[in-house]
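S.K.: This is run06.txt, which holds compact mmCIF, N, CA and C atoms:
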```
# COMPACT_ATOMS: atom_id res chain seq x y z
N MET A 1 80.39 -13.45 84.47
CA MET A 1 81.69 -13.89 83.97
C MET A 1 82.38 -14.72 85.05
N THR A 2 83.05 -15.74 84.60
CA THR A 2 83.90 -16.52 85.49
C THR A 2 85.31 -15.95 85.37
N PRO A 3 85.83 -15.35 86.44
CA PRO A 3 87.18 -14.79 86.35
C PRO A 3 88.24 -15.88 86.40
N GLU A 4 89.37 -15.61 85.77
CA GLU A 4 90.52 -16.52 85.79
C GLU A 4 90.12 -17.97 85.52
N PRO A 5 89.58 -18.25 84.34
CA PRO A 5 89.16 -19.62 84.04
C PRO A 5 90.36 -20.55 83.93
N LYS A 6 90.10 -21.83 84.14
CA LYS A 6 91.13 -22.84 83.95
C LYS A 6 91.47 -22.88 82.47
N THR A 7 92.75 -23.01 82.17
CA THR A 7 93.21 -23.01 80.79
C THR A 7 94.19 -24.16 80.56
N LEU A 8 94.45 -24.43 79.30
CA LEU A 8 95.51 -25.36 78.90
C LEU A 8 96.34 -24.68 77.83
N GLU A 9 97.55 -25.17 77.66
CA GLU A 9 98.42 -24.68 76.59
C GLU A 9 98.15 -25.49 75.32
N ILE A 10 98.46 -24.90 74.20
CA ILE A 10 98.22 -25.52 72.90
C ILE A 10 98.93 -26.87 72.76
N THR A 11 100.01 -27.06 73.52
CA THR A 11 100.79 -28.30 73.44
C THR A 11 100.23 -29.41 74.33
N HIS A 12 99.24 -29.10 75.16
CA HIS A 12 98.62 -30.15 75.97
C HIS A 12 97.88 -31.12 75.06
N THR A 13 97.56 -32.27 75.61
CA THR A 13 96.91 -33.31 74.81
C THR A 13 95.41 -33.34 75.05
N LEU A 14 94.75 -34.06 74.18
CA LEU A 14 93.31 -34.28 74.32
C LEU A 14 93.01 -34.97 75.64
N LEU A 15 93.90 -35.85 76.08
CA LEU A 15 93.72 -36.50 77.38
C LEU A 15 93.73 -35.47 78.50
N ASP A 16 94.67 -34.53 78.46
CA ASP A 16 94.71 -33.46 79.47
C ASP A 16 93.39 -32.71 79.50
N ALA A 17 92.86 -32.42 78.33
CA ALA A 17 91.60 -31.66 78.23
C ALA A 17 90.43 -32.47 78.79
N VAL A 18 90.35 -33.73 78.43
CA VAL A 18 89.25 -34.57 78.92
C VAL A 18 89.29 -34.65 80.44
N LEU A 19 90.47 -34.83 80.99
CA LEU A 19 90.58 -34.90 82.45
C LEU A 19 90.16 -33.58 83.10
N MET A 20 90.57 -32.45 82.52
CA MET A 20 90.19 -31.15 83.07
C MET A 20 88.68 -30.93 82.96
N LEU A 21 88.11 -31.28 81.81
CA LEU A 21 86.67 -31.12 81.62
C LEU A 21 85.89 -31.92 82.67
N ARG A 22 86.29 -33.16 82.87
CA ARG A 22 85.55 -34.04 83.80
C ARG A 22 85.79 -33.65 85.25
N ARG A 23 87.03 -33.42 85.62
CA ARG A 23 87.33 -33.08 87.02
C ARG A 23 86.76 -31.73 87.42
N GLY A 24 86.77 -30.79 86.49
CA GLY A 24 86.28 -29.45 86.80
C GLY A 24 84.82 -29.23 86.49
N ASN A 25 84.15 -30.28 85.98
CA ASN A 25 82.76 -30.15 85.56
C ASN A 25 82.61 -28.95 84.61
N LEU A 26 83.49 -28.91 83.60
CA LEU A 26 83.56 -27.81 82.65
C LEU A 26 83.02 -28.25 81.29
N ARG A 27 82.70 -27.27 80.45
CA ARG A 27 82.31 -27.55 79.07
C ARG A 27 83.19 -26.80 78.08
N HIS A 28 83.99 -25.84 78.56
CA HIS A 28 84.83 -25.02 77.69
C HIS A 28 86.18 -24.78 78.35
N ILE A 29 87.24 -24.90 77.55
CA ILE A 29 88.58 -24.62 78.06
C ILE A 29 89.28 -23.66 77.09
N PRO A 30 89.62 -22.47 77.56
CA PRO A 30 90.44 -21.58 76.72
C PRO A 30 91.83 -22.20 76.54
N VAL A 31 92.35 -22.09 75.34
CA VAL A 31 93.67 -22.65 75.01
C VAL A 31 94.62 -21.50 74.74
N LEU A 32 95.77 -21.54 75.42
CA LEU A 32 96.75 -20.46 75.34
C LEU A 32 98.03 -20.94 74.65
N GLU A 33 98.72 -19.98 74.08
CA GLU A 33 100.07 -20.22 73.56
C GLU A 33 100.91 -19.03 74.00
N GLY A 34 101.85 -19.29 74.87
CA GLY A 34 102.69 -18.20 75.38
C GLY A 34 101.88 -17.15 76.12
N GLY A 35 100.82 -17.55 76.80
CA GLY A 35 99.99 -16.63 77.56
C GLY A 35 98.90 -15.93 76.76
N ARG A 36 98.87 -16.13 75.47
CA ARG A 36 97.86 -15.50 74.59
C ARG A 36 96.80 -16.52 74.21
N LEU A 37 95.56 -16.07 74.16
CA LEU A 37 94.45 -16.92 73.75
C LEU A 37 94.58 -17.23 72.26
N VAL A 38 94.59 -18.53 71.93
CA VAL A 38 94.67 -18.93 70.52
C VAL A 38 93.50 -19.83 70.12
N GLY A 39 92.73 -20.30 71.11
CA GLY A 39 91.61 -21.18 70.79
C GLY A 39 90.77 -21.50 71.99
N VAL A 40 89.71 -22.25 71.72
CA VAL A 40 88.83 -22.77 72.77
C VAL A 40 88.55 -24.23 72.44
N LEU A 41 88.61 -25.06 73.43
CA LEU A 41 88.24 -26.47 73.26
C LEU A 41 86.97 -26.71 74.06
N THR A 42 85.99 -27.34 73.44
CA THR A 42 84.73 -27.63 74.11
C THR A 42 84.52 -29.13 74.25
N ASP A 43 83.58 -29.47 75.11
CA ASP A 43 83.24 -30.89 75.26
C ASP A 43 82.73 -31.45 73.93
N ARG A 44 82.10 -30.62 73.12
CA ARG A 44 81.64 -31.07 71.80
C ARG A 44 82.81 -31.35 70.86
N ASP A 45 83.87 -30.55 70.95
CA ASP A 45 85.06 -30.81 70.15
C ASP A 45 85.64 -32.17 70.50
N VAL A 46 85.70 -32.47 71.78
CA VAL A 46 86.23 -33.75 72.23
C VAL A 46 85.37 -34.89 71.70
N ALA A 47 84.06 -34.77 71.83
CA ALA A 47 83.16 -35.83 71.36
C ALA A 47 83.28 -36.01 69.85
N ARG A 48 83.44 -34.93 69.14
CA ARG A 48 83.54 -34.99 67.68
C ARG A 48 84.84 -35.65 67.23
N PHE A 49 85.91 -35.45 67.99
CA PHE A 49 87.21 -35.96 67.58
C PHE A 49 87.50 -37.37 68.11
N ALA A 50 86.90 -37.74 69.22
CA ALA A 50 87.18 -39.03 69.84
C ALA A 50 86.73 -40.17 68.92
N PRO A 51 87.53 -41.23 68.84
CA PRO A 51 87.10 -42.37 68.02
C PRO A 51 85.86 -43.01 68.62
N SER A 52 85.01 -43.50 67.77
CA SER A 52 83.78 -44.15 68.22
C SER A 52 84.12 -45.44 68.95
N LEU A 53 83.42 -45.69 70.03
CA LEU A 53 83.61 -46.95 70.76
C LEU A 53 83.10 -48.13 69.94
N LEU A 54 82.36 -47.85 68.87
CA LEU A 54 81.84 -48.90 68.01
C LEU A 54 82.89 -49.41 67.02
N LEU A 55 83.98 -48.65 66.86
CA LEU A 55 85.04 -49.08 65.97
C LEU A 55 85.82 -50.22 66.61
N PRO A 56 86.33 -51.12 65.79
CA PRO A 56 87.09 -52.26 66.35
C PRO A 56 88.52 -51.85 66.71
N LEU A 57 88.64 -50.94 67.67
CA LEU A 57 89.96 -50.49 68.12
C LEU A 57 90.35 -51.19 69.41
N GLU A 58 91.59 -51.52 69.51
CA GLU A 58 92.13 -52.03 70.77
C GLU A 58 92.14 -50.87 71.77
N PRO A 59 91.98 -51.17 73.05
CA PRO A 59 91.99 -50.09 74.05
C PRO A 59 93.26 -49.23 73.98
N GLN A 60 94.39 -49.85 73.67
CA GLN A 60 95.64 -49.09 73.58
C GLN A 60 95.57 -48.07 72.44
N GLU A 61 94.97 -48.47 71.32
CA GLU A 61 94.86 -47.55 70.18
C GLU A 61 93.93 -46.39 70.52
N TYR A 62 92.82 -46.70 71.19
CA TYR A 62 91.85 -45.68 71.60
C TYR A 62 92.54 -44.68 72.52
N ASN A 63 93.26 -45.18 73.51
CA ASN A 63 93.98 -44.33 74.46
C ASN A 63 95.06 -43.50 73.76
N ARG A 64 95.71 -44.09 72.78
CA ARG A 64 96.79 -43.41 72.07
C ARG A 64 96.28 -42.15 71.37
N VAL A 65 95.05 -42.21 70.86
CA VAL A 65 94.47 -41.02 70.22
C VAL A 65 94.44 -39.86 71.22
N PHE A 66 93.99 -40.12 72.44
CA PHE A 66 93.89 -39.08 73.46
C PHE A 66 95.25 -38.63 73.96
N GLU A 67 96.17 -39.58 74.05
CA GLU A 67 97.50 -39.26 74.58
C GLU A 67 98.38 -38.53 73.58
N ASN A 68 98.17 -38.74 72.28
CA ASN A 68 99.07 -38.19 71.26
C ASN A 68 98.48 -37.04 70.45
N THR A 69 97.24 -36.69 70.69
CA THR A 69 96.62 -35.60 69.94
C THR A 69 96.75 -34.31 70.73
N THR A 70 97.44 -33.34 70.15
CA THR A 70 97.58 -32.05 70.83
C THR A 70 96.37 -31.17 70.51
N LEU A 71 96.14 -30.21 71.38
CA LEU A 71 94.94 -29.38 71.29
C LEU A 71 94.88 -28.55 70.02
N ASP A 72 96.02 -28.23 69.44
CA ASP A 72 96.00 -27.44 68.20
C ASP A 72 95.30 -28.17 67.07
N LYS A 73 95.14 -29.48 67.18
CA LYS A 73 94.48 -30.25 66.13
C LYS A 73 92.96 -30.30 66.28
N VAL A 74 92.44 -29.98 67.47
CA VAL A 74 91.00 -30.15 67.70
C VAL A 74 90.28 -28.90 68.20
N MET A 75 91.02 -27.90 68.62
CA MET A 75 90.39 -26.70 69.18
C MET A 75 89.81 -25.82 68.08
N THR A 76 88.95 -24.92 68.48
CA THR A 76 88.45 -23.87 67.60
C THR A 76 89.44 -22.72 67.69
N ARG A 77 90.02 -22.36 66.56
CA ARG A 77 91.03 -21.29 66.54
C ARG A 77 90.37 -19.91 66.46
N ASN A 78 91.10 -18.91 66.91
CA ASN A 78 90.67 -17.51 66.83
C ASN A 78 89.23 -17.33 67.33
N PRO A 79 88.98 -17.69 68.57
CA PRO A 79 87.60 -17.59 69.07
C PRO A 79 87.12 -16.14 69.16
N VAL A 80 85.82 -15.98 69.00
CA VAL A 80 85.19 -14.68 69.21
C VAL A 80 85.35 -14.35 70.68
N SER A 81 85.67 -13.10 70.99
CA SER A 81 85.88 -12.70 72.38
C SER A 81 85.26 -11.34 72.63
N THR A 82 85.32 -10.93 73.89
CA THR A 82 84.81 -9.63 74.30
C THR A 82 85.77 -9.01 75.29
N ILE A 83 85.44 -7.82 75.77
CA ILE A 83 86.26 -7.12 76.76
C ILE A 83 85.44 -6.97 78.05
N PRO A 84 86.11 -6.77 79.18
CA PRO A 84 85.40 -6.73 80.47
C PRO A 84 84.32 -5.67 80.58
N ASP A 85 84.51 -4.51 79.97
CA ASP A 85 83.52 -3.45 80.15
C ASP A 85 82.54 -3.33 78.98
N ALA A 86 82.48 -4.36 78.15
CA ALA A 86 81.49 -4.36 77.06
C ALA A 86 80.09 -4.50 77.66
N PRO A 87 79.10 -3.87 77.06
CA PRO A 87 77.73 -4.03 77.55
C PRO A 87 77.29 -5.48 77.50
N LEU A 88 76.53 -5.89 78.49
CA LEU A 88 76.03 -7.26 78.56
C LEU A 88 75.25 -7.62 77.29
N ALA A 89 74.49 -6.67 76.77
CA ALA A 89 73.71 -6.93 75.55
C ALA A 89 74.63 -7.30 74.38
N ASP A 90 75.82 -6.71 74.31
CA ASP A 90 76.77 -7.05 73.25
C ASP A 90 77.26 -8.49 73.39
N ALA A 91 77.55 -8.90 74.62
CA ALA A 91 77.98 -10.28 74.85
C ALA A 91 76.87 -11.26 74.49
N ILE A 92 75.65 -10.93 74.87
CA ILE A 92 74.51 -11.80 74.53
C ILE A 92 74.37 -11.90 73.02
N ASP A 93 74.50 -10.77 72.33
CA ASP A 93 74.38 -10.76 70.88
C ASP A 93 75.46 -11.63 70.25
N LEU A 94 76.70 -11.53 70.71
CA LEU A 94 77.78 -12.35 70.17
C LEU A 94 77.52 -13.83 70.38
N LEU A 95 77.09 -14.19 71.59
CA LEU A 95 76.79 -15.60 71.88
C LEU A 95 75.67 -16.10 70.98
N TYR A 96 74.61 -15.32 70.89
CA TYR A 96 73.43 -15.74 70.13
C TYR A 96 73.70 -15.77 68.62
N ARG A 97 74.24 -14.69 68.09
CA ARG A 97 74.45 -14.57 66.66
C ARG A 97 75.45 -15.60 66.13
N ASN A 98 76.46 -15.92 66.93
CA ASN A 98 77.49 -16.86 66.51
C ASN A 98 77.25 -18.29 67.01
N ARG A 99 76.13 -18.47 67.71
CA ARG A 99 75.77 -19.80 68.25
C ARG A 99 76.92 -20.38 69.08
N LEU A 100 77.38 -19.58 70.04
CA LEU A 100 78.52 -19.95 70.88
C LEU A 100 78.04 -20.40 72.26
N GLY A 101 78.84 -21.22 72.88
CA GLY A 101 78.57 -21.63 74.25
C GLY A 101 79.40 -20.85 75.25
N CYS A 102 80.43 -20.15 74.74
CA CYS A 102 81.27 -19.36 75.63
C CYS A 102 81.87 -18.19 74.88
N LEU A 103 82.30 -17.24 75.66
CA LEU A 103 82.89 -16.02 75.11
C LEU A 103 84.08 -15.64 76.01
N PRO A 104 85.31 -15.87 75.56
CA PRO A 104 86.46 -15.45 76.36
C PRO A 104 86.46 -13.94 76.54
N VAL A 105 86.93 -13.49 77.69
CA VAL A 105 86.99 -12.07 78.00
C VAL A 105 88.47 -11.68 78.07
N LEU A 106 88.85 -10.73 77.21
CA LEU A 106 90.24 -10.30 77.11
C LEU A 106 90.40 -8.86 77.55
N LYS A 107 91.49 -8.60 78.28
CA LYS A 107 91.84 -7.24 78.67
C LYS A 107 93.30 -7.05 78.26
N ASN A 108 93.53 -6.08 77.36
CA ASN A 108 94.87 -5.84 76.83
C ASN A 108 95.47 -7.12 76.24
N GLY A 109 94.63 -7.91 75.58
CA GLY A 109 95.09 -9.13 74.93
C GLY A 109 95.26 -10.33 75.84
N GLN A 110 95.04 -10.15 77.14
CA GLN A 110 95.21 -11.24 78.10
C GLN A 110 93.85 -11.77 78.55
N LEU A 111 93.74 -13.07 78.67
CA LEU A 111 92.51 -13.70 79.14
C LEU A 111 92.29 -13.37 80.61
N VAL A 112 91.14 -12.77 80.92
CA VAL A 112 90.82 -12.44 82.31
C VAL A 112 89.55 -13.13 82.79
N GLY A 113 88.82 -13.75 81.87
CA GLY A 113 87.59 -14.42 82.26
C GLY A 113 86.94 -15.11 81.08
N ILE A 114 85.80 -15.72 81.37
CA ILE A 114 85.01 -16.37 80.33
C ILE A 114 83.54 -16.23 80.69
N ILE A 115 82.73 -15.93 79.70
CA ILE A 115 81.29 -15.86 79.88
C ILE A 115 80.70 -17.06 79.15
N THR A 116 79.87 -17.82 79.84
CA THR A 116 79.23 -18.98 79.22
C THR A 116 77.72 -18.78 79.18
N THR A 117 77.07 -19.61 78.44
CA THR A 117 75.61 -19.55 78.40
C THR A 117 75.05 -19.82 79.79
N ALA A 118 75.73 -20.66 80.56
CA ALA A 118 75.28 -20.91 81.94
C ALA A 118 75.37 -19.64 82.78
N ASP A 119 76.42 -18.84 82.58
CA ASP A 119 76.53 -17.54 83.27
C ASP A 119 75.36 -16.64 82.90
N MET A 120 75.01 -16.64 81.61
CA MET A 120 73.89 -15.81 81.15
C MET A 120 72.56 -16.27 81.75
N LEU A 121 72.38 -17.57 81.82
CA LEU A 121 71.14 -18.09 82.42
C LEU A 121 71.07 -17.75 83.91
N ARG A 122 72.22 -17.82 84.59
CA ARG A 122 72.26 -17.45 86.01
C ARG A 122 71.91 -15.98 86.17
N ALA A 123 72.43 -15.12 85.29
CA ALA A 123 72.12 -13.69 85.35
C ALA A 123 70.65 -13.44 85.09
N LEU A 124 70.08 -14.16 84.14
CA LEU A 124 68.65 -14.03 83.85
C LEU A 124 67.82 -14.47 85.04
N TYR A 125 68.21 -15.56 85.66
CA TYR A 125 67.51 -16.06 86.84
C TYR A 125 67.56 -15.02 87.96
N ASP A 126 68.74 -14.42 88.17
CA ASP A 126 68.87 -13.38 89.19
C ASP A 126 67.99 -12.18 88.88
N LEU A 127 67.83 -11.88 87.61
CA LEU A 127 67.04 -10.74 87.19
C LEU A 127 65.54 -10.97 87.38
N VAL A 128 65.08 -12.14 87.01
CA VAL A 128 63.63 -12.40 87.06
C VAL A 128 63.18 -13.02 88.37
N GLY A 129 64.10 -13.42 89.21
CA GLY A 129 63.71 -14.00 90.49
C GLY A 129 63.49 -15.49 90.38
N SER A 130 62.82 -16.01 91.38
CA SER A 130 62.63 -17.46 91.44
C SER A 130 61.64 -17.91 90.38
N PRO A 131 61.83 -19.11 89.86
CA PRO A 131 60.92 -19.62 88.84
C PRO A 131 59.56 -19.95 89.47
N PRO A 132 58.51 -19.98 88.64
CA PRO A 132 57.20 -20.34 89.19
C PRO A 132 57.25 -21.76 89.73
N SER A 133 56.40 -22.02 90.70
CA SER A 133 56.37 -23.37 91.28
C SER A 133 55.78 -24.34 90.26
N GLU A 134 56.13 -25.59 90.43
CA GLU A 134 55.62 -26.64 89.55
C GLU A 134 54.14 -26.85 89.80
N PRO A 135 53.35 -27.10 88.75
CA PRO A 135 51.92 -27.36 88.97
C PRO A 135 51.73 -28.67 89.73
N ASP A 136 50.65 -28.76 90.49
CA ASP A 136 50.32 -30.00 91.19
C ASP A 136 50.08 -31.09 90.17
N ALA A 137 50.35 -32.33 90.56
CA ALA A 137 50.20 -33.46 89.63
C ALA A 137 48.77 -33.57 89.13
N GLY A 138 47.80 -33.25 89.95
CA GLY A 138 46.41 -33.39 89.55
C GLY A 138 45.83 -32.17 88.87
N GLN A 139 46.57 -31.09 88.82
CA GLN A 139 46.08 -29.84 88.24
C GLN A 139 46.55 -29.71 86.80
N PRO A 140 45.69 -29.22 85.90
CA PRO A 140 46.14 -28.98 84.53
C PRO A 140 47.17 -27.83 84.52
N ALA A 141 48.10 -27.94 83.60
CA ALA A 141 49.16 -26.94 83.49
C ALA A 141 48.69 -25.70 82.76
```
Written as structure tokens, that's how I'd like the structure from this file.
M.R.:
Amino acid sequence: MTPEPKTLEITHTLLDAVLMLRRGNLRHIPVLEGGRLVGVLTDRDVARFAPSLLLPLEPQEYNRVFENTTLDKVMTRNPVSTIPDAPLADAIDLLYRNRLGCLPVLKNGQLVGIITTADMLRALYDLVGSPPSEPDAGQPA
């Protein structure tokens, strides 16, 4: 789990989210309203909502979409979440069964962390140890 993840408020704009995603090398941003989790915005949500560069839009119009679109219009509402002391297998099941890339972690209704598929892969790597070495170029795999 990543404790105390970076968040945005529901009133922030798509531009705020894009900047946070890029600067923080993130793929998921929990969205809060009054300190409570109300949604999650992903890099896929941004890509899905952004106007295509193939459209004949003026740069100002393209930028205006990002500057004037608030997160409540593009986020996933009521995200599936878990609690800090839930078994790891339960978190894996939620991620897998719901085809999620992240799972917010709530304690007493407050966001305390986020579990991502990258966190799960890191845990798996730690469990199984180092990966096998790459085969030599001349050797069959």
S.K.: Give me the residues near segment 97-106 of chain A as a PyMOL selection string, where near means some atom within 6 Å (using only N, CA and C atoms) and where sequence neighbours in that chain fewer than 3 positions away do not count.
M.R.: chain A and resi 80-84+92-94+109-117
S.K.: Any idea what's packed within 6.5 Å of Asn68 of chain A, counting all atoms listed in the file, ignoring anything in its chain fewer than 4 positions away? Could you give it as a PDB file with N, CA and C atoms, in the frame of the given file?
M.R.:
```pdb
ATOM      1  N   THR A  13      97.560 -32.270  75.610  1.00  0.00           N
ATOM      2  CA  THR A  13      96.910 -33.310  74.810  1.00  0.00           C
ATOM      3  C   THR A  13      95.410 -33.340  75.050  1.00  0.00           C
ATOM      4  N   LEU A  14      94.750 -34.060  74.180  1.00  0.00           N
ATOM      5  CA  LEU A  14      93.310 -34.280  74.320  1.00  0.00           C
ATOM      6  C   LEU A  14      93.010 -34.970  75.640  1.00  0.00           C
ATOM      7  N   LEU A  15      93.900 -35.850  76.080  1.00  0.00           N
ATOM      8  CA  LEU A  15      93.720 -36.500  77.380  1.00  0.00           C
ATOM      9  C   LEU A  15      93.730 -35.470  78.500  1.00  0.00           C
ATOM     10  N   ASN A  63      93.260 -45.180  73.510  1.00  0.00           N
ATOM     11  CA  ASN A  63      93.980 -44.330  74.460  1.00  0.00           C
ATOM     12  C   ASN A  63      95.060 -43.500  73.760  1.00  0.00           C
ATOM     13  N   ARG A  64      95.710 -44.090  72.780  1.00  0.00           N
ATOM     14  CA  ARG A  64      96.790 -43.410  72.070  1.00  0.00           C
ATOM     15  C   ARG A  64      96.280 -42.150  71.370  1.00  0.00           C
TER      16      ARG A  64
END
```
S.K.: In Å, with one decimal, what is the gap from atom N of Leu19 of chain A to atom N of Asn108 of chain A?
M.R.: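 Between atom N of Leu19 of chain A and atom N of Asn108 of chain A the gap works out to 29.1 Å.
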S.K.: What is the atom CA of Glu9 of chain A to atom C of Ile29 of chain A distance in Å?
M.R.: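 Atom CA of Glu9 of chain A sits 9.2 Å away from atom C of Ile29 of chain A.
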S.K.: So, with all atoms listed in the file as the atoms that count, which of A:Arg122, A:Val31, A:Asp43, A:Asp90 lies closest to Leu71 of chain A?
M.R.: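 Nearest candidate to Leu71 of chain A out of A:Arg122, A:Val31, A:Asp43, A:Asp90: A:Val31.
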S.K.: Measure the distance from atom CA of Leu88 of chain A to atom CA of Gly129 of chain A in Å and round it to one decimal.
M.R.: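 According to the coordinates, atom CA of Leu88 of chain A and atom CA of Gly129 of chain A are separated by 18.4 Å.
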S.K.: Given the choices A:His12, A:Lys107, A:Phe49, A:Val65, which gets closest to Arg36 of chain A if the distance is worked out from only C-alpha atoms?
M.R.: A:Lys107
S.K.: Go through A:Leu41, A:Pro59, A:Arg48, A:Leu124 one by one, measure the shortest atom-to-atom distance of each to Ala17 of chain A using only N, CA and C atoms, and give the residue with the smallest value.
M.R.: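 Result for the nearest residue to Ala17 of chain A: A:Leu41.
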S.K.: Pick the closest to Thr69 of chain A from A:Ala123, A:Thr11, A:Met1, A:Glu33: which is it, counting all atoms listed in the file?
M.R.: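 Using all atoms listed in the file, the shortest distance to Thr69 of chain A belongs to A:Thr11.
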S.K.: Of the candidates A:Leu21, A:Met120, A:Ala86, A:Leu8, which one gets nearest to Asp45 of chain A if we count only C-alpha atoms?
M.R.: A:Leu21
S.K.: Would you mind writing down, as an mmCIF file with N, CA and C atoms, in the frame of the given file, each residue of segment 33-127 of chain A that DSSP on the backbone assigns to strand (DSSP E)?
M.R.:
```cif
data_model
loop_
_atom_site.group_PDB
_atom_site.id
_atom_site.type_symbol
_atom_site.label_atom_id
_atom_site.label_comp_id
_atom_site.auth_asym_id
_atom_site.auth_seq_id
_atom_site.Cartn_x
_atom_site.Cartn_y
_atom_site.Cartn_z
ATOM 1 N N GLU A 33 98.720 -19.980 74.080
ATOM 2 C CA GLU A 33 100.070 -20.220 73.560
ATOM 3 C C GLU A 33 100.910 -19.030 74.000
ATOM 4 N N ARG A 36 98.870 -16.130 75.470
ATOM 5 C CA ARG A 36 97.860 -15.500 74.590
ATOM 6 C C ARG A 36 96.800 -16.520 74.210
ATOM 7 N N LEU A 37 95.560 -16.070 74.160
ATOM 8 C CA LEU A 37 94.450 -16.920 73.750
ATOM 9 C C LEU A 37 94.580 -17.230 72.260
ATOM 10 N N VAL A 38 94.590 -18.530 71.930
ATOM 11 C CA VAL A 38 94.670 -18.930 70.520
ATOM 12 C C VAL A 38 93.500 -19.830 70.120
ATOM 13 N N GLY A 39 92.730 -20.300 71.110
ATOM 14 C CA GLY A 39 91.610 -21.180 70.790
ATOM 15 C C GLY A 39 90.770 -21.500 71.990
ATOM 16 N N VAL A 40 89.710 -22.250 71.720
ATOM 17 C CA VAL A 40 88.830 -22.770 72.770
ATOM 18 C C VAL A 40 88.550 -24.230 72.440
ATOM 19 N N LEU A 41 88.610 -25.060 73.430
ATOM 20 C CA LEU A 41 88.240 -26.470 73.260
ATOM 21 C C LEU A 41 86.970 -26.710 74.060
ATOM 22 N N THR A 42 85.990 -27.340 73.440
ATOM 23 C CA THR A 42 84.730 -27.630 74.110
ATOM 24 C C THR A 42 84.520 -29.130 74.250
ATOM 25 N N THR A 76 88.950 -24.920 68.480
ATOM 26 C CA THR A 76 88.450 -23.870 67.600
ATOM 27 C C THR A 76 89.440 -22.720 67.690
ATOM 28 N N ARG A 77 90.020 -22.360 66.560
ATOM 29 C CA ARG A 77 91.030 -21.290 66.540
ATOM 30 C C ARG A 77 90.370 -19.910 66.460
ATOM 31 N N CYS A 102 80.430 -20.150 74.740
ATOM 32 C CA CYS A 102 81.270 -19.360 75.630
ATOM 33 C C CYS A 102 81.870 -18.190 74.880
ATOM 34 N N LEU A 103 82.300 -17.240 75.660
ATOM 35 C CA LEU A 103 82.890 -16.020 75.110
ATOM 36 C C LEU A 103 84.080 -15.640 76.010
ATOM 37 N N PRO A 104 85.310 -15.870 75.560
ATOM 38 C CA PRO A 104 86.460 -15.450 76.360
ATOM 39 C C PRO A 104 86.460 -13.940 76.540
ATOM 40 N N VAL A 105 86.930 -13.490 77.690
ATOM 41 C CA VAL A 105 86.990 -12.070 78.000
ATOM 42 C C VAL A 105 88.470 -11.680 78.070
ATOM 43 N N LEU A 106 88.850 -10.730 77.210
ATOM 44 C CA LEU A 106 90.240 -10.300 77.110
ATOM 45 C C LEU A 106 90.400 -8.860 77.550
ATOM 46 N N LYS A 107 91.490 -8.600 78.280
ATOM 47 C CA LYS A 107 91.840 -7.240 78.670
ATOM 48 C C LYS A 107 93.300 -7.050 78.260
ATOM 49 N N GLN A 110 95.040 -10.150 77.140
ATOM 50 C CA GLN A 110 95.210 -11.240 78.100
ATOM 51 C C GLN A 110 93.850 -11.770 78.550
ATOM 52 N N LEU A 111 93.740 -13.070 78.670
ATOM 53 C CA LEU A 111 92.510 -13.700 79.140
ATOM 54 C C LEU A 111 92.290 -13.370 80.610
ATOM 55 N N VAL A 112 91.140 -12.770 80.920
ATOM 56 C CA VAL A 112 90.820 -12.440 82.310
ATOM 57 C C VAL A 112 89.550 -13.130 82.790
ATOM 58 N N GLY A 113 88.820 -13.750 81.870
ATOM 59 C CA GLY A 113 87.590 -14.420 82.260
ATOM 60 C C GLY A 113 86.940 -15.110 81.080
ATOM 61 N N ILE A 114 85.800 -15.720 81.370
ATOM 62 C CA ILE A 114 85.010 -16.370 80.330
ATOM 63 C C ILE A 114 83.540 -16.230 80.690
ATOM 64 N N ILE A 115 82.730 -15.930 79.700
ATOM 65 C CA ILE A 115 81.290 -15.860 79.880
ATOM 66 C C ILE A 115 80.700 -17.060 79.150
ATOM 67 N N THR A 116 79.870 -17.820 79.840
ATOM 68 C CA THR A 116 79.230 -18.980 79.220
ATOM 69 C C THR A 116 77.720 -18.780 79.180
#
```
S.K.: Name all residues at most 7 Å from Val38 of chain A (count all atoms listed in the file; drop same-chain ones fewer than 3 positions away) and give them as number ranges by chain.
M.R.: A: 30-33, 35, 76-79
S.K.: Mind listing the alpha helix (DSSP H) residues of segment 32-118 of chain A, per DSSP on the backbone, as a list in words?
M.R.: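 Reading the DSSP output for segment 32-118 of chain A, alpha helix (DSSP H) covers Asp43, Arg44, Asp45, Val46, Ala47, Arg48, Phe49, Pro59, Gln60, Glu61, Tyr62, Asn63, Arg64, Val65, Phe66, Glu67, Asn68, Leu88, Ala89, Asp90, Ala91, Ile92, Asp93, Leu94, Leu95, Tyr96, Arg97, Thr117 and Ala118 of chain A.
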